[in-house]
file protein-v4.txt (compact mmCIF, N, CA and C atoms)
# COMPACT_ATOMS: atom_id res chain seq x y z
N MET A 30 19.80 131.47 35.80
CA MET A 30 19.21 130.58 36.76
C MET A 30 18.69 131.34 37.99
N PHE A 31 19.52 132.21 38.55
CA PHE A 31 19.09 133.03 39.67
C PHE A 31 19.06 134.48 39.22
N ASN A 32 17.86 135.05 39.14
CA ASN A 32 17.71 136.43 38.68
C ASN A 32 17.89 137.44 39.79
N HIS A 33 17.47 137.06 41.02
CA HIS A 33 17.53 138.00 42.14
C HIS A 33 17.94 137.25 43.40
N ILE A 34 19.07 137.66 43.96
CA ILE A 34 19.62 137.04 45.16
C ILE A 34 19.46 138.00 46.33
N LEU A 35 18.99 137.47 47.44
CA LEU A 35 18.89 138.24 48.68
C LEU A 35 19.99 137.80 49.62
N VAL A 36 20.73 138.78 50.17
CA VAL A 36 21.80 138.49 51.12
C VAL A 36 21.54 139.24 52.41
N PRO A 37 21.05 138.56 53.44
CA PRO A 37 20.90 139.22 54.73
C PRO A 37 22.27 139.28 55.41
N VAL A 38 22.59 140.43 55.98
CA VAL A 38 23.88 140.60 56.65
C VAL A 38 23.66 141.11 58.07
N ASP A 39 24.66 140.85 58.92
CA ASP A 39 24.60 141.30 60.30
C ASP A 39 25.91 141.92 60.77
N GLY A 40 26.82 142.16 59.83
CA GLY A 40 28.10 142.76 60.17
C GLY A 40 29.16 141.77 60.59
N SER A 41 28.84 140.50 60.64
CA SER A 41 29.79 139.48 61.08
C SER A 41 30.68 139.01 59.93
N ALA A 42 31.77 138.33 60.32
CA ALA A 42 32.67 137.75 59.32
C ALA A 42 31.95 136.68 58.50
N THR A 43 31.04 135.94 59.14
CA THR A 43 30.28 134.91 58.43
C THR A 43 29.37 135.53 57.38
N ALA A 44 28.79 136.67 57.70
CA ALA A 44 27.95 137.37 56.72
C ALA A 44 28.80 137.83 55.54
N GLN A 45 30.03 138.25 55.80
CA GLN A 45 30.91 138.67 54.71
C GLN A 45 31.26 137.49 53.80
N LEU A 46 31.37 136.29 54.38
CA LEU A 46 31.58 135.10 53.55
C LEU A 46 30.37 134.87 52.64
N ALA A 47 29.18 135.10 53.16
CA ALA A 47 27.97 134.96 52.36
C ALA A 47 27.95 136.00 51.24
N VAL A 48 28.40 137.21 51.55
CA VAL A 48 28.48 138.27 50.54
C VAL A 48 29.43 137.83 49.42
N ALA A 49 30.56 137.24 49.78
CA ALA A 49 31.51 136.77 48.77
C ALA A 49 30.89 135.70 47.87
N LYS A 50 30.11 134.80 48.46
CA LYS A 50 29.42 133.77 47.66
C LYS A 50 28.39 134.42 46.74
N ALA A 51 27.66 135.39 47.26
CA ALA A 51 26.66 136.09 46.44
C ALA A 51 27.32 136.82 45.28
N ILE A 52 28.47 137.40 45.52
CA ILE A 52 29.21 138.07 44.44
C ILE A 52 29.57 137.06 43.35
N GLY A 53 30.07 135.91 43.74
CA GLY A 53 30.41 134.87 42.77
C GLY A 53 29.21 134.41 41.97
N LEU A 54 28.09 134.22 42.64
CA LEU A 54 26.87 133.81 41.95
C LEU A 54 26.35 134.91 41.03
N ALA A 55 26.41 136.15 41.49
CA ALA A 55 25.95 137.28 40.66
C ALA A 55 26.79 137.39 39.40
N LYS A 56 28.08 137.19 39.53
CA LYS A 56 28.95 137.23 38.35
C LYS A 56 28.63 136.08 37.39
N ALA A 57 28.42 134.89 37.94
CA ALA A 57 28.18 133.71 37.11
C ALA A 57 26.83 133.76 36.40
N PHE A 58 25.80 134.27 37.07
CA PHE A 58 24.45 134.25 36.51
C PHE A 58 23.93 135.61 36.08
N GLY A 59 24.70 136.67 36.30
CA GLY A 59 24.22 138.01 35.97
C GLY A 59 23.05 138.42 36.85
N SER A 60 23.06 137.98 38.07
CA SER A 60 21.95 138.20 38.99
C SER A 60 21.94 139.60 39.58
N ARG A 61 20.76 140.06 39.88
CA ARG A 61 20.57 141.26 40.69
C ARG A 61 20.70 140.83 42.14
N VAL A 62 21.32 141.66 42.97
CA VAL A 62 21.51 141.29 44.38
C VAL A 62 20.99 142.41 45.27
N THR A 63 20.28 142.00 46.31
CA THR A 63 19.83 142.92 47.35
C THR A 63 20.40 142.43 48.67
N ALA A 64 21.04 143.33 49.40
CA ALA A 64 21.54 143.03 50.74
C ALA A 64 20.67 143.76 51.75
N ILE A 65 20.29 143.05 52.80
CA ILE A 65 19.47 143.67 53.84
C ILE A 65 20.10 143.45 55.22
N PHE A 66 19.80 144.36 56.10
CA PHE A 66 20.14 144.24 57.52
C PHE A 66 18.82 144.38 58.26
N VAL A 67 18.48 143.41 59.09
CA VAL A 67 17.21 143.43 59.80
C VAL A 67 17.42 143.95 61.22
N ILE A 68 16.63 144.95 61.57
CA ILE A 68 16.63 145.49 62.93
C ILE A 68 15.31 145.13 63.58
N ASP A 69 15.39 144.56 64.78
CA ASP A 69 14.20 144.29 65.56
C ASP A 69 13.91 145.55 66.37
N PRO A 70 12.83 146.29 66.05
CA PRO A 70 12.58 147.55 66.76
C PRO A 70 12.09 147.36 68.19
N TYR A 71 11.74 146.14 68.57
CA TYR A 71 11.23 145.88 69.91
C TYR A 71 11.96 144.68 70.52
N PRO A 72 13.26 144.79 70.78
CA PRO A 72 14.02 143.63 71.22
C PRO A 72 13.86 143.27 72.69
N PHE A 73 13.29 144.16 73.46
CA PHE A 73 13.14 143.89 74.89
C PHE A 73 11.83 144.49 75.37
N THR A 74 11.40 144.08 76.53
CA THR A 74 10.15 144.61 77.06
C THR A 74 10.42 145.37 78.34
N GLY A 75 9.54 146.26 78.65
CA GLY A 75 9.68 147.06 79.86
C GLY A 75 8.60 148.13 79.87
N VAL A 76 8.59 148.91 80.91
CA VAL A 76 7.60 149.96 81.01
C VAL A 76 8.25 151.22 81.55
N GLY A 77 7.59 152.34 81.33
CA GLY A 77 8.06 153.59 81.92
C GLY A 77 9.02 154.34 81.02
N THR A 78 9.48 155.48 81.52
CA THR A 78 10.35 156.33 80.73
C THR A 78 11.73 155.73 80.53
N ASP A 79 12.21 154.90 81.47
CA ASP A 79 13.51 154.26 81.29
C ASP A 79 13.49 153.36 80.06
N PHE A 80 12.37 152.68 79.87
CA PHE A 80 12.24 151.81 78.71
C PHE A 80 12.30 152.63 77.42
N ALA A 81 11.58 153.73 77.39
CA ALA A 81 11.56 154.58 76.19
C ALA A 81 12.95 155.07 75.86
N TYR A 82 13.70 155.49 76.87
CA TYR A 82 15.07 155.96 76.63
C TYR A 82 15.94 154.81 76.12
N GLY A 83 15.80 153.66 76.75
CA GLY A 83 16.57 152.50 76.31
C GLY A 83 16.23 152.11 74.89
N GLN A 84 14.98 152.21 74.53
CA GLN A 84 14.53 151.89 73.16
C GLN A 84 15.19 152.83 72.16
N ALA A 85 15.18 154.11 72.45
CA ALA A 85 15.77 155.10 71.54
C ALA A 85 17.28 154.85 71.38
N GLU A 86 17.95 154.58 72.49
CA GLU A 86 19.39 154.29 72.46
C GLU A 86 19.66 153.04 71.63
N TYR A 87 18.85 152.01 71.85
CA TYR A 87 19.01 150.76 71.11
C TYR A 87 18.83 151.00 69.61
N LEU A 88 17.75 151.68 69.22
CA LEU A 88 17.49 151.91 67.79
C LEU A 88 18.60 152.72 67.14
N SER A 89 19.13 153.69 67.87
CA SER A 89 20.23 154.49 67.34
C SER A 89 21.47 153.62 67.11
N ALA A 90 21.80 152.79 68.09
CA ALA A 90 22.96 151.91 67.96
C ALA A 90 22.75 150.86 66.87
N ALA A 91 21.55 150.29 66.81
CA ALA A 91 21.25 149.27 65.80
C ALA A 91 21.32 149.85 64.39
N THR A 92 20.82 151.06 64.22
CA THR A 92 20.86 151.71 62.90
C THR A 92 22.30 152.02 62.50
N ALA A 93 23.11 152.46 63.45
CA ALA A 93 24.52 152.73 63.16
C ALA A 93 25.24 151.44 62.75
N GLU A 94 24.96 150.35 63.46
CA GLU A 94 25.55 149.05 63.13
C GLU A 94 25.10 148.59 61.74
N ALA A 95 23.82 148.78 61.44
CA ALA A 95 23.29 148.40 60.14
C ALA A 95 23.96 149.18 59.02
N ASN A 96 24.14 150.47 59.21
CA ASN A 96 24.78 151.30 58.19
C ASN A 96 26.21 150.87 57.93
N ILE A 97 26.94 150.50 58.98
CA ILE A 97 28.31 150.02 58.81
C ILE A 97 28.34 148.73 58.01
N ALA A 98 27.44 147.80 58.35
CA ALA A 98 27.38 146.51 57.64
C ALA A 98 27.01 146.70 56.17
N ILE A 99 26.04 147.55 55.92
CA ILE A 99 25.59 147.80 54.54
C ILE A 99 26.71 148.47 53.73
N LYS A 100 27.42 149.39 54.36
CA LYS A 100 28.54 150.06 53.69
C LYS A 100 29.62 149.05 53.29
N ALA A 101 29.89 148.07 54.15
CA ALA A 101 30.87 147.02 53.84
C ALA A 101 30.42 146.18 52.65
N VAL A 102 29.13 145.88 52.59
CA VAL A 102 28.59 145.11 51.47
C VAL A 102 28.75 145.90 50.16
N LYS A 103 28.38 147.16 50.18
CA LYS A 103 28.52 148.00 48.98
C LYS A 103 29.97 148.04 48.51
N ALA A 104 30.89 148.18 49.46
CA ALA A 104 32.31 148.23 49.10
C ALA A 104 32.77 146.93 48.46
N ALA A 105 32.33 145.80 48.98
CA ALA A 105 32.71 144.50 48.42
C ALA A 105 32.21 144.35 46.99
N PHE A 106 31.00 144.79 46.72
CA PHE A 106 30.46 144.71 45.37
C PHE A 106 31.15 145.69 44.43
N GLU A 107 31.37 146.91 44.89
CA GLU A 107 32.03 147.91 44.06
C GLU A 107 33.44 147.49 43.69
N GLU A 108 34.10 146.79 44.61
CA GLU A 108 35.47 146.34 44.38
C GLU A 108 35.59 145.43 43.16
N VAL A 109 34.52 144.69 42.86
CA VAL A 109 34.54 143.78 41.71
C VAL A 109 33.70 144.31 40.54
N GLY A 110 33.27 145.57 40.64
CA GLY A 110 32.55 146.20 39.55
C GLY A 110 31.08 145.84 39.45
N LEU A 111 30.48 145.38 40.54
CA LEU A 111 29.06 145.05 40.55
C LEU A 111 28.30 146.05 41.42
N THR A 112 27.00 146.12 41.17
CA THR A 112 26.16 146.96 42.01
C THR A 112 25.29 146.08 42.89
N VAL A 113 24.86 146.64 43.99
CA VAL A 113 24.00 145.92 44.92
C VAL A 113 22.97 146.89 45.46
N GLU A 114 21.74 146.42 45.55
CA GLU A 114 20.70 147.21 46.20
C GLU A 114 20.79 146.89 47.69
N THR A 115 20.51 147.87 48.53
CA THR A 115 20.59 147.64 49.97
C THR A 115 19.36 148.21 50.66
N ALA A 116 19.07 147.63 51.82
CA ALA A 116 17.95 148.13 52.62
C ALA A 116 18.15 147.74 54.08
N ILE A 117 17.65 148.59 54.94
CA ILE A 117 17.56 148.26 56.36
C ILE A 117 16.08 147.98 56.62
N VAL A 118 15.80 146.79 57.13
CA VAL A 118 14.45 146.31 57.31
C VAL A 118 14.14 146.19 58.80
N GLU A 119 12.95 146.58 59.19
CA GLU A 119 12.52 146.38 60.58
C GLU A 119 11.55 145.21 60.63
N ALA A 120 11.80 144.31 61.56
CA ALA A 120 10.93 143.15 61.75
C ALA A 120 11.08 142.67 63.17
N HIS A 121 10.03 142.03 63.67
CA HIS A 121 10.04 141.55 65.06
C HIS A 121 11.14 140.52 65.32
N ALA A 122 11.51 139.76 64.31
CA ALA A 122 12.61 138.80 64.42
C ALA A 122 13.38 138.85 63.10
N ALA A 123 14.68 138.62 63.17
CA ALA A 123 15.52 138.69 61.96
C ALA A 123 15.01 137.75 60.88
N TRP A 124 14.66 136.53 61.25
CA TRP A 124 14.22 135.57 60.24
C TRP A 124 12.95 136.05 59.54
N ARG A 125 12.04 136.69 60.30
CA ARG A 125 10.81 137.19 59.68
C ARG A 125 11.12 138.28 58.65
N GLY A 126 12.01 139.17 58.99
CA GLY A 126 12.39 140.23 58.06
C GLY A 126 13.02 139.68 56.80
N ILE A 127 13.83 138.65 56.96
CA ILE A 127 14.48 138.02 55.80
C ILE A 127 13.45 137.35 54.91
N VAL A 128 12.58 136.55 55.49
CA VAL A 128 11.56 135.83 54.71
C VAL A 128 10.62 136.81 54.03
N GLN A 129 10.18 137.85 54.74
CA GLN A 129 9.28 138.84 54.14
C GLN A 129 9.96 139.59 53.00
N ALA A 130 11.21 139.97 53.19
CA ALA A 130 11.94 140.67 52.12
C ALA A 130 12.11 139.76 50.90
N ALA A 131 12.41 138.51 51.13
CA ALA A 131 12.59 137.56 50.03
C ALA A 131 11.30 137.36 49.26
N GLU A 132 10.20 137.20 49.99
CA GLU A 132 8.92 136.93 49.32
C GLU A 132 8.37 138.16 48.62
N SER A 133 8.62 139.34 49.14
CA SER A 133 8.10 140.55 48.51
C SER A 133 9.01 141.06 47.40
N GLY A 134 10.24 140.59 47.35
CA GLY A 134 11.19 141.10 46.37
C GLY A 134 11.45 140.20 45.19
N GLU A 135 10.58 139.22 44.97
CA GLU A 135 10.74 138.29 43.85
C GLU A 135 12.14 137.67 43.84
N THR A 136 12.55 137.21 44.99
CA THR A 136 13.87 136.61 45.16
C THR A 136 13.87 135.17 44.68
N ASP A 137 14.95 134.77 44.02
CA ASP A 137 15.12 133.39 43.56
C ASP A 137 15.96 132.57 44.54
N LEU A 138 16.81 133.25 45.31
CA LEU A 138 17.77 132.57 46.18
C LEU A 138 18.12 133.47 47.36
N ILE A 139 18.21 132.87 48.54
CA ILE A 139 18.71 133.58 49.71
C ILE A 139 20.09 133.00 50.01
N VAL A 140 21.08 133.87 50.13
CA VAL A 140 22.43 133.46 50.49
C VAL A 140 22.73 134.09 51.84
N MET A 141 22.93 133.26 52.86
CA MET A 141 23.13 133.81 54.19
C MET A 141 24.16 133.02 54.98
N GLY A 142 24.77 133.69 55.91
CA GLY A 142 25.74 133.05 56.79
C GLY A 142 25.05 132.40 57.97
N SER A 143 25.74 131.42 58.54
CA SER A 143 25.27 130.77 59.77
C SER A 143 26.45 130.69 60.71
N HIS A 144 26.24 131.10 61.94
CA HIS A 144 27.32 131.11 62.92
C HIS A 144 27.59 129.72 63.49
N GLY A 145 26.69 128.77 63.27
CA GLY A 145 26.91 127.41 63.73
C GLY A 145 26.87 127.26 65.25
N ARG A 146 26.02 128.03 65.89
CA ARG A 146 25.90 127.93 67.35
C ARG A 146 25.28 126.58 67.74
N SER A 147 25.63 126.14 68.94
CA SER A 147 25.03 124.91 69.45
C SER A 147 24.85 125.03 70.96
N GLY A 148 24.18 124.05 71.52
CA GLY A 148 24.00 124.00 72.97
C GLY A 148 23.23 125.18 73.51
N LEU A 149 23.66 125.67 74.66
CA LEU A 149 22.98 126.75 75.35
C LEU A 149 22.97 128.03 74.52
N GLU A 150 24.08 128.30 73.82
CA GLU A 150 24.15 129.50 72.99
C GLU A 150 23.05 129.49 71.92
N LYS A 151 22.81 128.33 71.30
CA LYS A 151 21.75 128.22 70.30
C LYS A 151 20.39 128.38 70.94
N LEU A 152 20.22 127.80 72.12
CA LEU A 152 18.95 127.89 72.82
C LEU A 152 18.62 129.34 73.17
N VAL A 153 19.60 130.08 73.63
CA VAL A 153 19.38 131.46 74.05
C VAL A 153 19.28 132.40 72.84
N LEU A 154 20.19 132.27 71.91
CA LEU A 154 20.24 133.19 70.78
C LEU A 154 19.42 132.73 69.58
N GLY A 155 19.15 131.45 69.49
CA GLY A 155 18.39 130.93 68.37
C GLY A 155 19.24 130.79 67.12
N SER A 156 18.65 130.31 66.09
CA SER A 156 19.33 130.16 64.81
C SER A 156 18.49 130.84 63.74
N VAL A 157 18.97 131.97 63.27
CA VAL A 157 18.25 132.69 62.23
C VAL A 157 18.20 131.86 60.96
N ALA A 158 19.32 131.25 60.59
CA ALA A 158 19.36 130.44 59.37
C ALA A 158 18.36 129.28 59.45
N GLN A 159 18.30 128.62 60.58
CA GLN A 159 17.37 127.51 60.74
C GLN A 159 15.93 127.98 60.62
N ALA A 160 15.62 129.13 61.22
CA ALA A 160 14.25 129.66 61.13
C ALA A 160 13.90 130.05 59.70
N VAL A 161 14.85 130.64 58.98
CA VAL A 161 14.60 130.99 57.57
C VAL A 161 14.33 129.72 56.78
N LEU A 162 15.16 128.70 56.97
CA LEU A 162 14.96 127.43 56.26
C LEU A 162 13.59 126.82 56.56
N SER A 163 13.13 127.00 57.79
CA SER A 163 11.84 126.43 58.20
C SER A 163 10.64 127.20 57.69
N HIS A 164 10.83 128.47 57.32
CA HIS A 164 9.68 129.32 56.99
C HIS A 164 9.64 129.82 55.55
N THR A 165 10.53 129.35 54.70
CA THR A 165 10.48 129.76 53.30
C THR A 165 10.52 128.54 52.40
N LYS A 166 9.95 128.70 51.23
CA LYS A 166 10.00 127.65 50.21
C LYS A 166 11.09 127.94 49.20
N LEU A 167 11.74 129.10 49.35
CA LEU A 167 12.80 129.48 48.44
C LEU A 167 14.08 128.69 48.72
N PRO A 168 14.92 128.51 47.72
CA PRO A 168 16.22 127.89 47.99
C PRO A 168 17.08 128.83 48.85
N VAL A 169 17.80 128.22 49.79
CA VAL A 169 18.66 128.98 50.69
C VAL A 169 20.05 128.36 50.66
N LEU A 170 21.05 129.16 50.37
CA LEU A 170 22.43 128.73 50.43
C LEU A 170 22.99 129.22 51.76
N VAL A 171 23.30 128.29 52.65
CA VAL A 171 23.81 128.65 53.97
C VAL A 171 25.33 128.53 53.93
N VAL A 172 25.99 129.62 54.25
CA VAL A 172 27.45 129.69 54.24
C VAL A 172 27.92 129.59 55.68
N ARG A 173 28.78 128.61 55.94
CA ARG A 173 29.29 128.39 57.29
C ARG A 173 30.68 128.98 57.43
N ASP A 174 31.00 129.35 58.66
CA ASP A 174 32.32 129.89 58.96
C ASP A 174 33.35 128.79 58.94

call {"tool": "encode", "arguments": {"input": "protein-v4.txt", "output": "structure tokens"}}
result
Amino acid sequence: MFNHILVPVDGSATAQLAVAKAIGLAKAFGSRVTAIFVIDPYPFTGVGTDFAYGQAEYLSAATAEANIAIKAVKAAFEEVGLTVETAIVEAHAAWRGIVQAAESGETDLIVMGSHGRSGLEKLVLGSVAQAVLSHTKLPVLVVRD
């Protein structure tokens, strides 16, 4: 039923719950799974040399965080004897990276976590899951904490 599952991760406990669901689905359907971590290479604006230094520091930290999250996903799959393809994707917004990866990778299903933010926190941070749901025609399984 699902030949290729995409699992976007961000290193959170909720993302790990989504990974667990993807593992169950992959076992049940014999699906191929790709896990991605999206890095926004331009998360803030500014000018001058201070901005350039801040950008380099940010990208270094974001890449390190992505590698840790991807390593955790690989370990979870290896623990149950499955393989997973992984990638670190750059996109202006996390939801864009997820939708683009899904559409270019012949994905049948996106399995992702949602932090369930509301109020001011949702207004400031946004909802990646909601944006993905709004911008893709693919089925999306949203895993809540």

call {"tool": "atom_distance", "arguments": {"input": "protein-v4.txt", "atom1": "CA of Ser133 (chain A)", "atom2": "CA of Ala55 (chain A)"}}
result
19.8 Å

call {"tool": "atom_distance", "arguments": {"input": "protein-v4.txt", "atom1": "CA of Val36 (chain A)", "atom2": "atom N of Ala90 (chain A)"}}
result
22.2 Å

call {"tool": "residues_around", "arguments": {"input": "protein-v4.txt", "residues": "region 107-114 of chain A", "least_positions_apart": "5", "cutoff": "5 Å", "atoms": "all atoms listed in the file", "output": "ChimeraX atom specification"}}
result
/A:62-64

call {"tool": "write_last_selection", "arguments": {"input": "protein-v4.txt", "atoms": "N, CA and C atoms", "output": "short mmCIF file (atom, residue, chain, number, x, y, z; two decimals), in the coordinates of the input"}}
result
data_model
loop_
_atom_site.label_atom_id
_atom_site.label_comp_id
_atom_site.auth_asym_id
_atom_site.auth_seq_id
_atom_site.Cartn_x
_atom_site.Cartn_y
_atom_site.Cartn_z
N VAL A 62 21.32 141.66 42.97
CA VAL A 62 21.51 141.29 44.38
C VAL A 62 20.99 142.41 45.27
N THR A 63 20.28 142.00 46.31
CA THR A 63 19.83 142.92 47.35
C THR A 63 20.40 142.43 48.67
N ALA A 64 21.04 143.33 49.40
CA ALA A 64 21.54 143.03 50.74
C ALA A 64 20.67 143.76 51.75
#

call {"tool": "closest_residue", "arguments": {"input": "protein-v4.txt", "among": "A:Ala93, A:Leu88, A:Ile68, A:Val140", "to": "Ile117 (chain A)", "atoms": "only N, CA and C atoms"}}
result
A:Ile68

call {"tool": "residues_around", "arguments": {"input": "protein-v4.txt", "residues": "Pro168 (chain A)", "least_positions_apart": "2", "cutoff": "8 Å", "atoms": "only N, CA and C atoms", "output": "ChimeraX atom specification"}}
result
/A:136-140,162,165-166,170-171

call {"tool": "select_by_dssp", "arguments": {"input": "protein-v4.txt", "residues": "region 63-146 of chain A", "states": "strand (DSSP E or B)", "output": "list in words"}}
result
Thr63, Ala64, Ile65, Phe66, Val67, Ile68, Glu114, Thr115, Ala116, Ile117, Val118, Glu119, Leu138, Ile139, Val140, Met141, Gly142 and Ser143 of chain A

call {"tool": "atom_distance", "arguments": {"input": "protein-v4.txt", "atom1": "CA of Ala160 (chain A)", "atom2": "atom N of Gly59 (chain A)"}}
result
27.8 Å

call {"tool": "residues_around", "arguments": {"input": "protein-v4.txt", "residues": "region 127-130 of chain A", "least_positions_apart": "6", "cutoff": "8 Å", "atoms": "only N, CA and C atoms", "output": "JSON, numbers by chain"}}
result
{"A": [35, 36, 37, 65, 66, 67, 118, 119, 120, 136, 160, 161, 164, 165]}

call {"tool": "closest_residue", "arguments": {"input": "protein-v4.txt", "among": "A:Tyr87, A:Trp124, A:Phe106, A:Phe31", "to": "Ser60 (chain A)", "atoms": "all atoms listed in the file"}}
result
A:Phe31

call {"tool": "closest_residue", "arguments": {"input": "protein-v4.txt", "among": "A:Ala85, A:Arg125, A:Glu135, A:Ala105", "to": "Ala49 (chain A)", "atoms": "all atoms listed in the file"}}
result
A:Ala105

call {"tool": "decode", "arguments": {"input": "protein-v4.txt", "residues": "region 33-111 of chain A", "atoms": "C-alpha atoms", "output": "tab-separated table (two decimals), in the first residue's frame"}}
result
chain	number	residue	atom	x	y	z
A	33	HIS	CA	7.88	4.96	0.09
A	34	ILE	CA	7.42	6.76	3.40
A	35	LEU	CA	8.98	10.13	4.17
A	36	VAL	CA	9.70	10.95	7.82
A	37	PRO	CA	10.79	14.52	8.55
A	38	VAL	CA	12.58	14.76	11.90
A	39	ASP	CA	13.75	17.62	14.09
A	40	GLY	CA	15.41	15.80	16.97
A	41	SER	CA	12.37	16.10	19.24
A	42	ALA	CA	10.62	13.36	21.21
A	43	THR	CA	7.56	13.88	19.01
A	44	ALA	CA	9.64	13.22	15.90
A	45	GLN	CA	10.88	9.99	17.50
A	46	LEU	CA	7.25	8.94	17.97
A	47	ALA	CA	6.74	9.53	14.24
A	48	VAL	CA	9.84	7.42	13.53
A	49	ALA	CA	8.33	4.59	15.60
A	50	LYS	CA	5.10	4.79	13.58
A	51	ALA	CA	7.07	4.79	10.32
A	52	ILE	CA	8.96	1.70	11.48
A	53	GLY	CA	5.67	-0.09	12.16
A	54	LEU	CA	4.30	0.88	8.76
A	55	ALA	CA	7.52	-0.11	6.99
A	56	LYS	CA	7.39	-3.53	8.63
A	57	ALA	CA	3.70	-4.00	7.79
A	58	PHE	CA	3.94	-2.89	4.15
A	59	GLY	CA	7.59	-3.55	3.29
A	60	SER	CA	7.99	0.15	2.59
A	61	ARG	CA	11.13	2.04	1.78
A	62	VAL	CA	11.67	4.89	4.26
A	63	THR	CA	13.52	8.16	3.91
A	64	ALA	CA	14.14	10.39	6.92
A	65	ILE	CA	15.02	14.03	6.39
A	66	PHE	CA	16.05	16.95	8.56
A	67	VAL	CA	15.34	20.36	7.06
A	68	ILE	CA	17.72	23.25	7.71
A	69	ASP	CA	16.68	26.78	6.85
A	70	PRO	CA	19.95	28.33	5.59
A	71	TYR	CA	18.58	31.87	5.98
A	72	PRO	CA	16.68	31.94	9.28
A	73	PHE	CA	17.32	35.57	10.11
A	74	THR	CA	18.10	38.80	8.34
A	75	GLY	CA	20.83	41.31	8.89
A	76	VAL	CA	23.72	43.05	7.24
A	77	GLY	CA	27.45	43.37	7.65
A	78	THR	CA	30.17	41.07	8.86
A	79	ASP	CA	28.38	40.28	12.14
A	80	PHE	CA	25.57	38.76	10.13
A	81	ALA	CA	27.97	36.62	8.11
A	82	TYR	CA	29.61	35.30	11.27
A	83	GLY	CA	26.24	34.61	12.84
A	84	GLN	CA	25.14	32.79	9.70
A	85	ALA	CA	28.20	30.54	9.73
A	86	GLU	CA	27.74	29.77	13.43
A	87	TYR	CA	24.06	29.02	12.89
A	88	LEU	CA	24.70	26.68	9.94
A	89	SER	CA	27.38	24.84	11.89
A	90	ALA	CA	25.07	24.35	14.87
A	91	ALA	CA	22.09	23.41	12.69
A	92	THR	CA	24.14	20.82	10.78
A	93	ALA	CA	25.41	19.31	14.03
A	94	GLU	CA	21.83	19.10	15.34
A	95	ALA	CA	20.68	17.52	12.07
A	96	ASN	CA	23.42	14.89	12.21
A	97	ILE	CA	22.45	13.94	15.77
A	98	ALA	CA	18.78	13.59	14.81
A	99	ILE	CA	19.58	11.55	11.69
A	100	LYS	CA	21.90	9.29	13.69
A	101	ALA	CA	19.05	8.59	16.16
A	102	VAL	CA	16.73	7.67	13.29
A	103	LYS	CA	19.29	5.27	11.80
A	104	ALA	CA	19.78	3.65	15.20
A	105	ALA	CA	16.03	3.15	15.66
A	106	PHE	CA	15.73	1.44	12.27
A	107	GLU	CA	18.85	-0.68	12.74
A	108	GLU	CA	17.54	-1.84	16.12
A	109	VAL	CA	14.63	-3.59	14.38
A	110	GLY	CA	16.65	-4.79	11.39
A	111	LEU	CA	15.41	-2.23	8.85
